[in-house]
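File shown: input_32.csv (CSV, C-alpha atoms).
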chain,number,residue,atom,x,y,z
A,504,MET,CA,2.0,-30.4,-48.1
A,505,ARG,CA,4.1,-31.1,-44.9
A,506,LEU,CA,6.0,-27.9,-45.5
A,507,ARG,CA,2.7,-25.9,-45.7
A,508,ILE,CA,1.5,-27.4,-42.5
A,509,ALA,CA,4.7,-26.7,-40.7
A,510,ALA,CA,4.8,-23.1,-41.9
A,511,ALA,CA,1.2,-22.5,-40.9
A,512,ALA,CA,1.8,-24.0,-37.5
A,513,THR,CA,4.8,-21.6,-37.0
A,514,ALA,CA,2.8,-18.6,-38.1
A,515,PHE,CA,0.0,-19.4,-35.7
A,516,ALA,CA,2.5,-20.0,-32.9
A,517,VAL,CA,3.9,-16.5,-33.4
A,518,LEU,CA,0.5,-15.0,-33.5
A,519,ALA,CA,-0.4,-16.8,-30.3
A,520,ALA,CA,2.8,-15.5,-28.6
A,521,ALA,CA,1.8,-12.0,-29.6
A,522,ASP,CA,-1.7,-12.5,-28.5
A,523,SER,CA,-0.5,-13.7,-25.0
A,524,LEU,CA,0.3,-10.0,-24.3
A,525,SER,CA,-3.4,-9.2,-24.5
A,526,ALA,CA,-4.2,-12.2,-22.3
A,527,GLN,CA,-2.4,-10.5,-19.4
A,528,ALA,CA,-4.8,-9.1,-16.9
A,529,THR,CA,-5.6,-5.4,-17.2
A,530,GLU,CA,-7.0,-5.5,-13.7
A,531,LEU,CA,-6.5,-7.5,-10.5
A,532,ARG,CA,-8.8,-8.2,-7.6
A,533,LEU,CA,-7.5,-7.1,-4.2
A,534,TYR,CA,-9.0,-9.2,-1.4
A,535,ALA,CA,-7.1,-8.2,1.7
A,536,VAL,CA,-4.7,-5.7,3.1
A,537,ASN,CA,-2.9,-6.8,6.3
A,538,PRO,CA,-0.6,-4.2,7.8
A,539,PHE,CA,2.0,-4.8,10.5
A,540,TRP,CA,4.8,-2.8,12.2
A,541,SER,CA,8.4,-4.0,12.5
A,542,ASP,CA,11.8,-2.7,13.7
A,543,ALA,CA,10.6,0.0,16.1
A,544,GLU,CA,13.3,2.0,17.7
A,545,TRP,CA,12.8,4.1,20.9
A,546,THR,CA,14.7,6.7,22.8
A,547,GLY,CA,14.2,4.7,26.0
A,548,THR,CA,12.3,1.8,27.6
A,549,GLY,CA,8.8,1.6,29.0
A,550,TRP,CA,5.7,3.5,28.1
A,551,THR,CA,5.5,1.8,24.7
A,552,ASN,CA,2.7,-0.3,23.2
A,553,MET,CA,2.6,-2.0,19.7
A,554,ASP,CA,-0.7,-3.4,18.6
A,555,ASN,CA,0.3,-5.4,15.6
A,556,VAL,CA,-2.9,-7.5,14.9
A,557,ALA,CA,-5.2,-6.5,12.1
A,558,ASN,CA,-6.6,-10.0,11.4
A,559,ASP,CA,-8.9,-10.2,14.4
A,560,GLY,CA,-12.0,-8.6,12.9
A,561,SER,CA,-10.5,-5.1,13.1
A,562,ASN,CA,-8.8,-3.3,10.3
A,563,SER,CA,-6.2,-1.2,12.1
A,564,ILE,CA,-2.9,-1.4,13.9
A,565,SER,CA,-1.5,1.1,16.3
A,566,LEU,CA,1.7,2.2,18.0
A,567,ARG,CA,1.7,4.3,21.2
A,568,TRP,CA,4.5,5.8,23.2
A,569,GLY,CA,5.5,8.2,26.0
A,570,LYS,CA,4.3,8.9,29.5
A,571,PRO,CA,1.1,11.1,29.1
A,572,THR,CA,0.8,14.5,30.8
A,573,ILE,CA,-2.9,14.9,29.8
A,574,GLY,CA,-5.1,12.0,31.1
A,575,ASN,CA,-4.1,8.7,29.5
A,576,ASN,CA,-3.3,10.1,26.1
A,577,GLN,CA,-0.1,8.9,24.6
A,578,SER,CA,1.3,10.0,21.2
A,579,SER,CA,0.4,7.4,18.6
A,580,TYR,CA,0.5,6.1,15.0
A,581,GLN,CA,-2.5,4.3,13.6
A,582,PHE,CA,-2.9,2.6,10.2
A,583,ASN,CA,-6.3,1.6,8.9
A,584,ASN,CA,-6.5,-0.5,5.7
A,585,ILE,CA,-9.0,0.1,3.0
A,586,VAL,CA,-11.5,-2.5,4.3
A,587,ALA,CA,-14.5,-1.1,6.0
A,588,PRO,CA,-14.1,-0.9,9.8
A,589,GLY,CA,-14.9,-4.1,11.6
A,590,ALA,CA,-14.5,-6.5,8.8
A,591,GLN,CA,-11.9,-8.0,6.4
A,592,VAL,CA,-12.6,-8.5,2.7
A,593,GLN,CA,-14.3,-11.9,2.4
A,594,TYR,CA,-12.7,-14.1,-0.3
A,595,PRO,CA,-13.9,-14.7,-3.0
A,596,ASN,CA,-17.0,-12.5,-3.0
A,597,ASP,CA,-15.7,-9.0,-2.0
A,598,PHE,CA,-12.8,-7.3,-3.6
A,599,VAL,CA,-11.3,-4.0,-4.7
A,600,THR,CA,-10.4,-3.6,-8.4
A,601,VAL,CA,-6.8,-2.6,-9.1
A,602,TYR,CA,-5.8,-1.7,-12.6
A,603,THR,CA,-2.4,-3.0,-13.8
A,604,ASN,CA,-1.4,0.1,-15.8
A,605,GLY,CA,0.4,1.9,-13.0
A,606,SER,CA,-2.7,3.8,-11.7
A,607,LEU,CA,-2.6,4.7,-8.0
A,608,PHE,CA,-4.9,2.9,-5.6
A,609,LYS,CA,-5.3,3.5,-1.9
A,610,VAL,CA,-3.9,0.9,0.5
A,611,GLY,CA,-4.9,2.6,3.8
A,612,THR,CA,-4.8,5.6,6.0
A,613,PHE,CA,-2.0,6.6,8.4
A,614,THR,CA,-2.8,8.9,11.4
A,615,HIS,CA,-0.4,10.6,13.8
A,616,LYS,CA,-1.8,11.9,17.1
A,617,ASN,CA,0.5,14.3,18.9
A,618,TYR,CA,0.1,14.6,22.7
A,619,PRO,CA,2.4,16.1,25.2
A,620,ILE,CA,4.5,13.3,26.7
A,621,THR,CA,7.6,12.7,28.8
A,622,THR,CA,10.1,9.8,29.5
A,623,ASN,CA,10.6,8.3,26.0
A,624,SER,CA,9.7,8.6,22.3
A,625,LEU,CA,9.6,6.8,19.1
A,626,GLN,CA,12.5,7.3,16.7
A,627,SER,CA,11.6,5.1,13.7
A,628,VAL,CA,9.4,2.2,12.7
A,629,ASP,CA,8.8,0.2,9.5
A,630,LEU,CA,5.2,-0.1,8.2
A,631,ASN,CA,4.7,-3.2,6.1
A,632,VAL,CA,1.6,-4.3,4.2
A,633,ALA,CA,0.6,-7.8,2.9
A,634,LEU,CA,-1.8,-7.6,-0.1
A,635,THR,CA,-3.7,-10.5,-1.5
A,636,PHE,CA,-4.5,-10.4,-5.2
A,637,ASP,CA,-5.9,-12.7,-7.9
A,638,THR,CA,-7.5,-12.6,-11.3
A,639,ASP,CA,-10.8,-14.1,-12.4
A,640,GLY,CA,-10.2,-17.9,-12.1
A,641,ALA,CA,-6.6,-17.8,-10.7
A,642,ALA,CA,-5.5,-18.8,-7.3
A,643,PRO,CA,-4.9,-15.8,-4.9
A,644,ASN,CA,-1.4,-14.7,-4.2
A,645,THR,CA,-0.4,-12.7,-1.1
A,646,VAL,CA,2.4,-10.2,-1.6
A,647,VAL,CA,4.4,-8.7,1.3
A,648,SER,CA,5.7,-5.3,0.2
A,649,ASP,CA,9.0,-3.8,1.2
A,650,GLY,CA,8.5,-1.8,4.4
A,651,VAL,CA,8.1,1.9,4.5
A,652,THR,CA,10.5,3.4,7.1
A,653,ILE,CA,8.8,6.1,9.1
A,654,SER,CA,11.3,8.5,10.9
A,655,HIS,CA,9.9,10.3,13.9
A,656,TYR,CA,11.3,13.5,15.3
A,657,GLU,CA,9.8,14.4,18.7
A,658,THR,CA,10.1,18.1,19.3
A,659,ASN,CA,10.0,20.0,22.6
A,660,ASN,CA,6.5,20.9,23.7
A,661,PRO,CA,4.5,22.6,22.3
A,662,ASN,CA,6.2,22.4,18.9
A,663,GLY,CA,5.0,20.1,16.2
A,664,ASP,CA,6.5,16.6,15.7
A,665,VAL,CA,8.0,15.8,12.3
A,666,VAL,CA,7.1,12.6,10.5
A,667,THR,CA,9.3,11.6,7.5
A,668,PHE,CA,8.7,8.7,5.1
A,669,LEU,CA,11.8,7.0,3.8
A,670,GLY,CA,12.6,4.5,1.1
A,671,LEU,CA,9.8,5.3,-1.3
A,672,PRO,CA,8.8,4.2,-3.8
A,673,SER,CA,9.6,0.6,-3.0
A,674,MET,CA,8.9,-2.3,-5.5
A,675,THR,CA,8.1,-6.0,-5.1
A,676,SER,CA,7.4,-8.3,-8.0
A,677,PHE,CA,4.9,-11.2,-7.9
A,678,GLN,CA,3.3,-13.7,-10.3
A,679,ILE,CA,-0.3,-14.7,-10.9
A,680,ASP,CA,-1.5,-17.1,-13.6
A,681,GLY,CA,1.9,-17.2,-15.4
A,682,PHE,CA,2.3,-13.4,-15.6
A,683,TRP,CA,4.5,-11.0,-13.6
A,684,TYR,CA,3.4,-7.8,-11.9
A,685,ASP,CA,5.3,-5.1,-10.2
A,686,LEU,CA,3.8,-3.7,-6.9
A,687,ARG,CA,5.1,-0.3,-6.0
A,688,ILE,CA,4.4,1.3,-2.7
A,689,GLU,CA,4.3,4.9,-4.0
A,690,GLY,CA,3.9,7.1,-0.9
A,691,PHE,CA,1.5,9.1,1.2
A,692,SER,CA,-0.8,12.0,0.3
A,693,TYR,CA,-3.1,14.4,2.2
A,694,PHE,CA,-5.6,13.7,-0.5
A,695,SER,CA,-8.1,10.8,-0.1
A,696,SER,CA,-8.3,10.5,-3.9
A,697,ALA,CA,-4.7,11.1,-5.1
A,698,ARG,CA,-4.4,10.8,-8.9
A,699,SER,CA,-0.7,11.0,-9.5
A,700,VAL,CA,2.7,10.9,-7.8
A,701,ASP,CA,2.6,14.7,-7.9
A,702,ASP,CA,0.1,14.5,-5.0
A,703,LEU,CA,2.5,12.6,-2.8
A,704,ILE,CA,4.4,14.0,0.2
A,705,GLU,CA,7.6,13.0,1.9
A,706,THR,CA,7.1,14.6,5.4
A,707,PHE,CA,4.5,16.3,7.5
A,708,THR,CA,4.4,18.1,10.9
A,709,THR,CA,1.7,17.5,13.5
A,710,PRO,CA,1.0,20.3,16.1
A,711,GLU,CA,0.7,19.2,19.7
A,712,SER,CA,-2.7,18.6,21.3
A,713,PHE,CA,-3.4,20.8,24.3
A,714,LYS,CA,-5.8,21.1,27.2
A,715,GLN,CA,-8.2,24.0,27.2
A,716,GLU,CA,-8.6,25.8,30.5
A,717,TYR,CA,-12.1,24.8,31.2
A,718,CYS,CA,-13.7,21.7,32.6
A,719,THR,CA,-16.7,19.8,31.2
A,720,LYS,CA,-17.7,18.4,34.6
A,721,TRP,CA,-17.1,20.2,37.9
A,722,LYS,CA,-17.7,18.4,41.2
A,723,ASN,CA,-17.3,19.9,44.6
A,724,GLY,CA,-15.3,22.7,43.1
A,725,LYS,CA,-12.8,20.2,41.5
A,726,CYS,CA,-12.3,18.8,38.0
A,727,LYS,CA,-10.9,15.4,37.3
A,728,GLU,CA,-8.1,15.2,34.7
A,729,LYS,CA,-10.3,13.3,32.3
A,730,ASP,CA,-12.9,16.0,32.3
A,731,TRP,CA,-10.7,18.9,31.1
A,732,LYS,CA,-11.5,19.8,27.5
A,733,VAL,CA,-8.7,18.6,25.2
A,734,ILE,CA,-8.1,19.9,21.7
A,735,GLU,CA,-6.7,16.9,19.8
A,736,LYS,CA,-4.2,17.5,17.1
A,737,LEU,CA,-3.6,14.9,14.4
A,738,THR,CA,-2.4,14.6,10.9
A,739,THR,CA,-3.7,12.0,8.4
A,740,GLY,CA,-1.9,10.7,5.3
A,741,HIS,CA,-3.3,8.2,2.8
A,742,LEU,CA,-0.9,5.4,1.6
A,743,TYR,CA,-1.0,4.7,-2.2
A,744,ALA,CA,0.4,1.9,-4.3
A,745,SER,CA,0.3,0.9,-8.0
A,746,VAL,CA,0.6,-2.3,-10.0
A,747,THR,CA,2.1,-2.6,-13.4
A,748,ALA,CA,1.8,-5.7,-15.6
A,749,ARG,CA,5.1,-7.2,-16.9
A,750,PRO,CA,5.1,-9.8,-19.6
A,751,VAL,CA,6.8,-13.2,-19.0
A,752,ASN,CA,9.4,-14.5,-21.4
A,753,VAL,CA,8.1,-12.5,-24.4
A,754,PRO,CA,10.5,-11.9,-27.3
A,755,GLU,CA,11.7,-8.4,-28.0
A,756,PRO,CA,9.4,-6.6,-30.4
A,757,THR,CA,12.0,-6.6,-33.2
A,758,SER,CA,12.7,-10.3,-32.8
A,759,LEU,CA,9.0,-11.0,-32.7
A,760,SER,CA,8.3,-9.1,-35.9
A,761,LEU,CA,11.3,-10.8,-37.7
A,762,VAL,CA,10.1,-14.3,-36.7
A,763,GLY,CA,6.6,-13.4,-37.7
A,764,PHE,CA,7.7,-12.1,-41.1
A,765,GLY,CA,9.8,-15.3,-41.6
A,766,ALA,CA,6.9,-17.5,-40.7
A,767,VAL,CA,4.5,-15.7,-43.1
A,768,ALA,CA,7.2,-15.8,-45.9
A,769,MET,CA,7.7,-19.5,-45.3
A,770,PHE,CA,3.9,-20.1,-45.4
A,771,GLY,CA,3.7,-18.2,-48.7
A,772,PHE,CA,6.6,-20.1,-50.2
A,773,ALA,CA,5.0,-23.4,-49.2
A,774,ARG,CA,1.8,-22.4,-51.0
A,775,ARG,CA,3.6,-21.5,-54.2
A,776,ASN,CA,5.7,-24.7,-54.0
A,777,GLY,CA,2.5,-26.7,-53.5
A,778,ARG,CA,0.9,-25.2,-56.6
A,779,ARG,CA,3.9,-26.0,-58.7
A,780,ASN,CA,3.9,-29.6,-57.5
A,781,GLY,CA,0.2,-29.9,-58.1

Spit out the file's structure as structure tokens when you get a sec.
Amino acid sequence: MRLRIAAAATAFAVLAAADSLSAQATELRLYAVNPFWSDAEWTGTGWTNMDNVANDGSNSISLRWGKPTIGNNQSSYQFNNIVAPGAQVQYPNDFVTVYTNGSLFKVGTFTHKNYPITTNSLQSVDLNVALTFDTDGAAPNTVVSDGVTISHYETNNPNGDVVTFLGLPSMTSFQIDGFWYDLRIEGFSYFSSARSVDDLIETFTTPESFKQEYCTKWKNGKCKEKDWKVIEKLTTGHLYASVTARPVNVPEPTSLSLVGFGAVAMFGFARRNGRRNG
């Protein structure tokens, strides 16, 4: 009788271990995306501004550089996370569903505005994102991804500036409710609804903004600098990531099947032995 109970317990333990694979979340809830810049490098000093706060009710960070030659317009980078403008996702009521099968999801939107400038320029900067996930009933976990290095090549006016994304894809692992997940920052795409890594790009070129030769507001035969019509040139790329579920301490499939077979065989042997003794 004891042998039968032990064998049955072993068999159920093996089945439970196999079933734990299905208990892993097929989707996570993304509550917040907080981006920030780091390690900016410039060709000179002055005429630079780094706005690195996305937690103050806004959902964007920006980076500006160069002495402007048209009004007050500096060249700039801007990153907007996926939260609607003017508000963060409010935990625990609002969230974005992220599937854990490696499907792409959008993290935010990167914009480069190219204006004619002098004095100094950006050379490179790291874009980092902190994402807060949870599953239904589990405590949230904030994951800081490896930074995306953005290389900037400032060309002579009026040529386009070249933006190159380095170090992609990058991967960071995190754990929620006893299970491991791999977060991959996959890359940028021109498409607002990219479906595969084939839609991703490594570089783009932004033409330079220019001032049209007419004024929107003449006064006494003169036109102020701010009143000249400006044709703004910008390039937008959408940043995508993916999450893949990774089992924790699960036996290899071959080992699991052998253990399961042994447990079932033991259970059958116990039943036969019990009948003989009965």

Option closest in space to Val599 of chain A, from A:Thr638, A:Gln626, A:Thr572, A:Asn659 [counting all atoms listed in the file]:
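Smallest distance to Val599 of chain A is found for A:Thr638.
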
Counting all atoms listed in the file, find the residues whose atoms lie at most 8 Å from (-2.4, -7.8, -1.6) (file coordinates) and write them out as a list in words.
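Using all atoms listed in the file, the matching residues come out as Leu533, Tyr534, Ala535, Val536, Asn537, Val632, Ala633, Leu634, Thr635, Phe636, Asn644, Thr645, Val646 and Val647 of chain A.
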
Nearby residues (only C-alpha atoms) at most 12 Å from Val746 of chain A, same-chain spacing under 2 positions excluded, as a PDB file with C-alpha atoms, in the frame of the given file:
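Wrote around22.pdb, looks like this:
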ATOM      1  CA  ALA A 528      -4.800  -9.100 -16.900  1.00  0.00           C
ATOM      2  CA  THR A 529      -5.600  -5.400 -17.200  1.00  0.00           C
ATOM      3  CA  GLU A 530      -7.000  -5.500 -13.700  1.00  0.00           C
ATOM      4  CA  LEU A 531      -6.500  -7.500 -10.500  1.00  0.00           C
ATOM      5  CA  ARG A 532      -8.800  -8.200  -7.600  1.00  0.00           C
ATOM      6  CA  LEU A 533      -7.500  -7.100  -4.200  1.00  0.00           C
ATOM      7  CA  THR A 600     -10.400  -3.600  -8.400  1.00  0.00           C
ATOM      8  CA  VAL A 601      -6.800  -2.600  -9.100  1.00  0.00           C
ATOM      9  CA  TYR A 602      -5.800  -1.700 -12.600  1.00  0.00           C
ATOM     10  CA  THR A 603      -2.400  -3.000 -13.800  1.00  0.00           C
ATOM     11  CA  ASN A 604      -1.400   0.100 -15.800  1.00  0.00           C
ATOM     12  CA  GLY A 605       0.400   1.900 -13.000  1.00  0.00           C
ATOM     13  CA  SER A 606      -2.700   3.800 -11.700  1.00  0.00           C
ATOM     14  CA  LEU A 607      -2.600   4.700  -8.000  1.00  0.00           C
ATOM     15  CA  PHE A 608      -4.900   2.900  -5.600  1.00  0.00           C
ATOM     16  CA  LYS A 609      -5.300   3.500  -1.900  1.00  0.00           C
ATOM     17  CA  VAL A 610      -3.900   0.900   0.500  1.00  0.00           C
ATOM     18  CA  LEU A 634      -1.800  -7.600  -0.100  1.00  0.00           C
ATOM     19  CA  PHE A 636      -4.500 -10.400  -5.200  1.00  0.00           C
ATOM     20  CA  VAL A 646       2.400 -10.200  -1.600  1.00  0.00           C
ATOM     21  CA  SER A 648       5.700  -5.300   0.200  1.00  0.00           C
ATOM     22  CA  SER A 673       9.600   0.600  -3.000  1.00  0.00           C
ATOM     23  CA  MET A 674       8.900  -2.300  -5.500  1.00  0.00           C
ATOM     24  CA  THR A 675       8.100  -6.000  -5.100  1.00  0.00           C
ATOM     25  CA  SER A 676       7.400  -8.300  -8.000  1.00  0.00           C
ATOM     26  CA  PHE A 677       4.900 -11.200  -7.900  1.00  0.00           C
ATOM     27  CA  GLN A 678       3.300 -13.700 -10.300  1.00  0.00           C
ATOM     28  CA  TRP A 683       4.500 -11.000 -13.600  1.00  0.00           C
ATOM     29  CA  TYR A 684       3.400  -7.800 -11.900  1.00  0.00           C
ATOM     30  CA  ASP A 685       5.300  -5.100 -10.200  1.00  0.00           C
ATOM     31  CA  LEU A 686       3.800  -3.700  -6.900  1.00  0.00           C
ATOM     32  CA  ARG A 687       5.100  -0.300  -6.000  1.00  0.00           C
ATOM     33  CA  ILE A 688       4.400   1.300  -2.700  1.00  0.00           C
ATOM     34  CA  GLU A 689       4.300   4.900  -4.000  1.00  0.00           C
ATOM     35  CA  TYR A 743      -1.000   4.700  -2.200  1.00  0.00           C
ATOM     36  CA  ALA A 744       0.400   1.900  -4.300  1.00  0.00           C
ATOM     37  CA  ALA A 748       1.800  -5.700 -15.600  1.00  0.00           C
ATOM     38  CA  ARG A 749       5.100  -7.200 -16.900  1.00  0.00           C
TER      39      ARG A 749
END

Residue nearest Asp629 of chain A among A:Ser654, A:Thr706, A:Asn575, A:Asn552 (counting only C-alpha atoms):
A:Ser654

Mind pulling up the distance from atom CA of Ile679 of chain A to atom CA of Phe691 of chain A?
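Distance between the two atoms: 26.8 Å.
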
Please compute the atom CA of Ile653 of chain A-atom CA of Gly574 of chain A distance, one decimal, in Å.
26.7 Å

Place N, CA and C atoms on segment 697-724 of chain A and deliver the coordinates as a PDB file, in the frame of the given file.
ATOM      1  N   ALA A 697      -5.906  10.672  -4.351  1.00  0.00           N
ATOM      2  CA  ALA A 697      -4.700  11.100  -5.100  1.00  0.00           C
ATOM      3  C   ALA A 697      -4.774  10.519  -6.521  1.00  0.00           C
ATOM      4  N   ARG A 698      -4.383  11.291  -7.519  1.00  0.00           N
ATOM      5  CA  ARG A 698      -4.400  10.800  -8.900  1.00  0.00           C
ATOM      6  C   ARG A 698      -3.061  10.596  -9.521  1.00  0.00           C
ATOM      7  N   SER A 699      -2.022  11.215  -8.984  1.00  0.00           N
ATOM      8  CA  SER A 699      -0.700  11.000  -9.500  1.00  0.00           C
ATOM      9  C   SER A 699       0.346  11.167  -8.441  1.00  0.00           C
ATOM     10  N   VAL A 700       1.583  10.804  -8.779  1.00  0.00           N
ATOM     11  CA  VAL A 700       2.700  10.900  -7.800  1.00  0.00           C
ATOM     12  C   VAL A 700       2.957  12.335  -7.416  1.00  0.00           C
ATOM     13  N   ASP A 701       2.468  13.285  -8.200  1.00  0.00           N
ATOM     14  CA  ASP A 701       2.600  14.700  -7.900  1.00  0.00           C
ATOM     15  C   ASP A 701       1.880  15.063  -6.587  1.00  0.00           C
ATOM     16  N   ASP A 702       0.893  14.244  -6.221  1.00  0.00           N
ATOM     17  CA  ASP A 702       0.100  14.500  -5.000  1.00  0.00           C
ATOM     18  C   ASP A 702       0.732  13.934  -3.755  1.00  0.00           C
ATOM     19  N   LEU A 703       1.872  13.247  -3.885  1.00  0.00           N
ATOM     20  CA  LEU A 703       2.500  12.600  -2.800  1.00  0.00           C
ATOM     21  C   LEU A 703       3.394  13.487  -1.966  1.00  0.00           C
ATOM     22  N   ILE A 704       3.569  13.168  -0.678  1.00  0.00           N
ATOM     23  CA  ILE A 704       4.400  14.000   0.200  1.00  0.00           C
ATOM     24  C   ILE A 704       5.485  13.092   0.823  1.00  0.00           C
ATOM     25  N   GLU A 705       6.567  13.710   1.295  1.00  0.00           N
ATOM     26  CA  GLU A 705       7.600  13.000   1.900  1.00  0.00           C
ATOM     27  C   GLU A 705       7.669  13.199   3.446  1.00  0.00           C
ATOM     28  N   THR A 706       7.040  14.266   3.937  1.00  0.00           N
ATOM     29  CA  THR A 706       7.100  14.600   5.400  1.00  0.00           C
ATOM     30  C   THR A 706       5.878  15.426   5.745  1.00  0.00           C
ATOM     31  N   PHE A 707       5.503  15.390   7.011  1.00  0.00           N
ATOM     32  CA  PHE A 707       4.500  16.300   7.500  1.00  0.00           C
ATOM     33  C   PHE A 707       4.776  16.605   9.004  1.00  0.00           C
ATOM     34  N   THR A 708       4.189  17.682   9.497  1.00  0.00           N
ATOM     35  CA  THR A 708       4.400  18.100  10.900  1.00  0.00           C
ATOM     36  C   THR A 708       2.990  18.131  11.569  1.00  0.00           C
ATOM     37  N   THR A 709       2.908  17.541  12.760  1.00  0.00           N
ATOM     38  CA  THR A 709       1.700  17.500  13.500  1.00  0.00           C
ATOM     39  C   THR A 709       1.789  18.414  14.744  1.00  0.00           C
ATOM     40  N   PRO A 710       0.986  19.469  14.844  1.00  0.00           N
ATOM     41  CA  PRO A 710       1.000  20.300  16.100  1.00  0.00           C
ATOM     42  C   PRO A 710       0.631  19.473  17.285  1.00  0.00           C
ATOM     43  N   GLU A 711       0.953  19.989  18.450  1.00  0.00           N
ATOM     44  CA  GLU A 711       0.700  19.200  19.700  1.00  0.00           C
ATOM     45  C   GLU A 711      -0.713  19.521  20.215  1.00  0.00           C
ATOM     46  N   SER A 712      -1.370  18.454  20.684  1.00  0.00           N
ATOM     47  CA  SER A 712      -2.700  18.600  21.300  1.00  0.00           C
ATOM     48  C   SER A 712      -2.493  19.388  22.636  1.00  0.00           C
ATOM     49  N   PHE A 713      -3.556  20.049  23.065  1.00  0.00           N
ATOM     50  CA  PHE A 713      -3.400  20.800  24.300  1.00  0.00           C
ATOM     51  C   PHE A 713      -4.771  20.795  25.052  1.00  0.00           C
ATOM     52  N   LYS A 714      -4.666  21.118  26.337  1.00  0.00           N
ATOM     53  CA  LYS A 714      -5.800  21.100  27.200  1.00  0.00           C
ATOM     54  C   LYS A 714      -6.362  22.536  27.360  1.00  0.00           C
ATOM     55  N   GLN A 715      -7.611  22.720  26.998  1.00  0.00           N
ATOM     56  CA  GLN A 715      -8.200  24.000  27.200  1.00  0.00           C
ATOM     57  C   GLN A 715      -8.490  24.264  28.674  1.00  0.00           C
ATOM     58  N   GLU A 716      -8.463  25.524  29.047  1.00  0.00           N
ATOM     59  CA  GLU A 716      -8.600  25.800  30.500  1.00  0.00           C
ATOM     60  C   GLU A 716     -10.059  25.951  30.903  1.00  0.00           C
ATOM     61  N   TYR A 717     -10.827  24.920  30.573  1.00  0.00           N
ATOM     62  CA  TYR A 717     -12.100  24.800  31.200  1.00  0.00           C
ATOM     63  C   TYR A 717     -12.538  23.361  31.316  1.00  0.00           C
ATOM     64  N   CYS A 718     -13.392  23.106  32.282  1.00  0.00           N
ATOM     65  CA  CYS A 718     -13.700  21.700  32.600  1.00  0.00           C
ATOM     66  C   CYS A 718     -15.154  21.429  32.122  1.00  0.00           C
ATOM     67  N   THR A 719     -15.329  20.203  31.686  1.00  0.00           N
ATOM     68  CA  THR A 719     -16.700  19.800  31.200  1.00  0.00           C
ATOM     69  C   THR A 719     -17.545  19.272  32.311  1.00  0.00           C
ATOM     70  N   LYS A 720     -16.938  19.016  33.498  1.00  0.00           N
ATOM     71  CA  LYS A 720     -17.700  18.400  34.600  1.00  0.00           C
ATOM     72  C   LYS A 720     -17.066  18.773  35.936  1.00  0.00           C
ATOM     73  N   TRP A 721     -17.570  19.821  36.577  1.00  0.00           N
ATOM     74  CA  TRP A 721     -17.100  20.200  37.900  1.00  0.00           C
ATOM     75  C   TRP A 721     -17.806  19.393  38.968  1.00  0.00           C
ATOM     76  N   LYS A 722     -17.107  19.036  40.051  1.00  0.00           N
ATOM     77  CA  LYS A 722     -17.700  18.400  41.200  1.00  0.00           C
ATOM     78  C   LYS A 722     -17.052  18.801  42.465  1.00  0.00           C
ATOM     79  N   ASN A 723     -17.852  19.416  43.317  1.00  0.00           N
ATOM     80  CA  ASN A 723     -17.300  19.900  44.600  1.00  0.00           C
ATOM     81  C   ASN A 723     -16.153  20.877  44.374  1.00  0.00           C
ATOM     82  N   GLY A 724     -16.289  21.703  43.358  1.00  0.00           N
ATOM     83  CA  GLY A 724     -15.300  22.700  43.100  1.00  0.00           C
ATOM     84  C   GLY A 724     -13.990  22.106  42.484  1.00  0.00           C
TER      85      GLY A 724
END
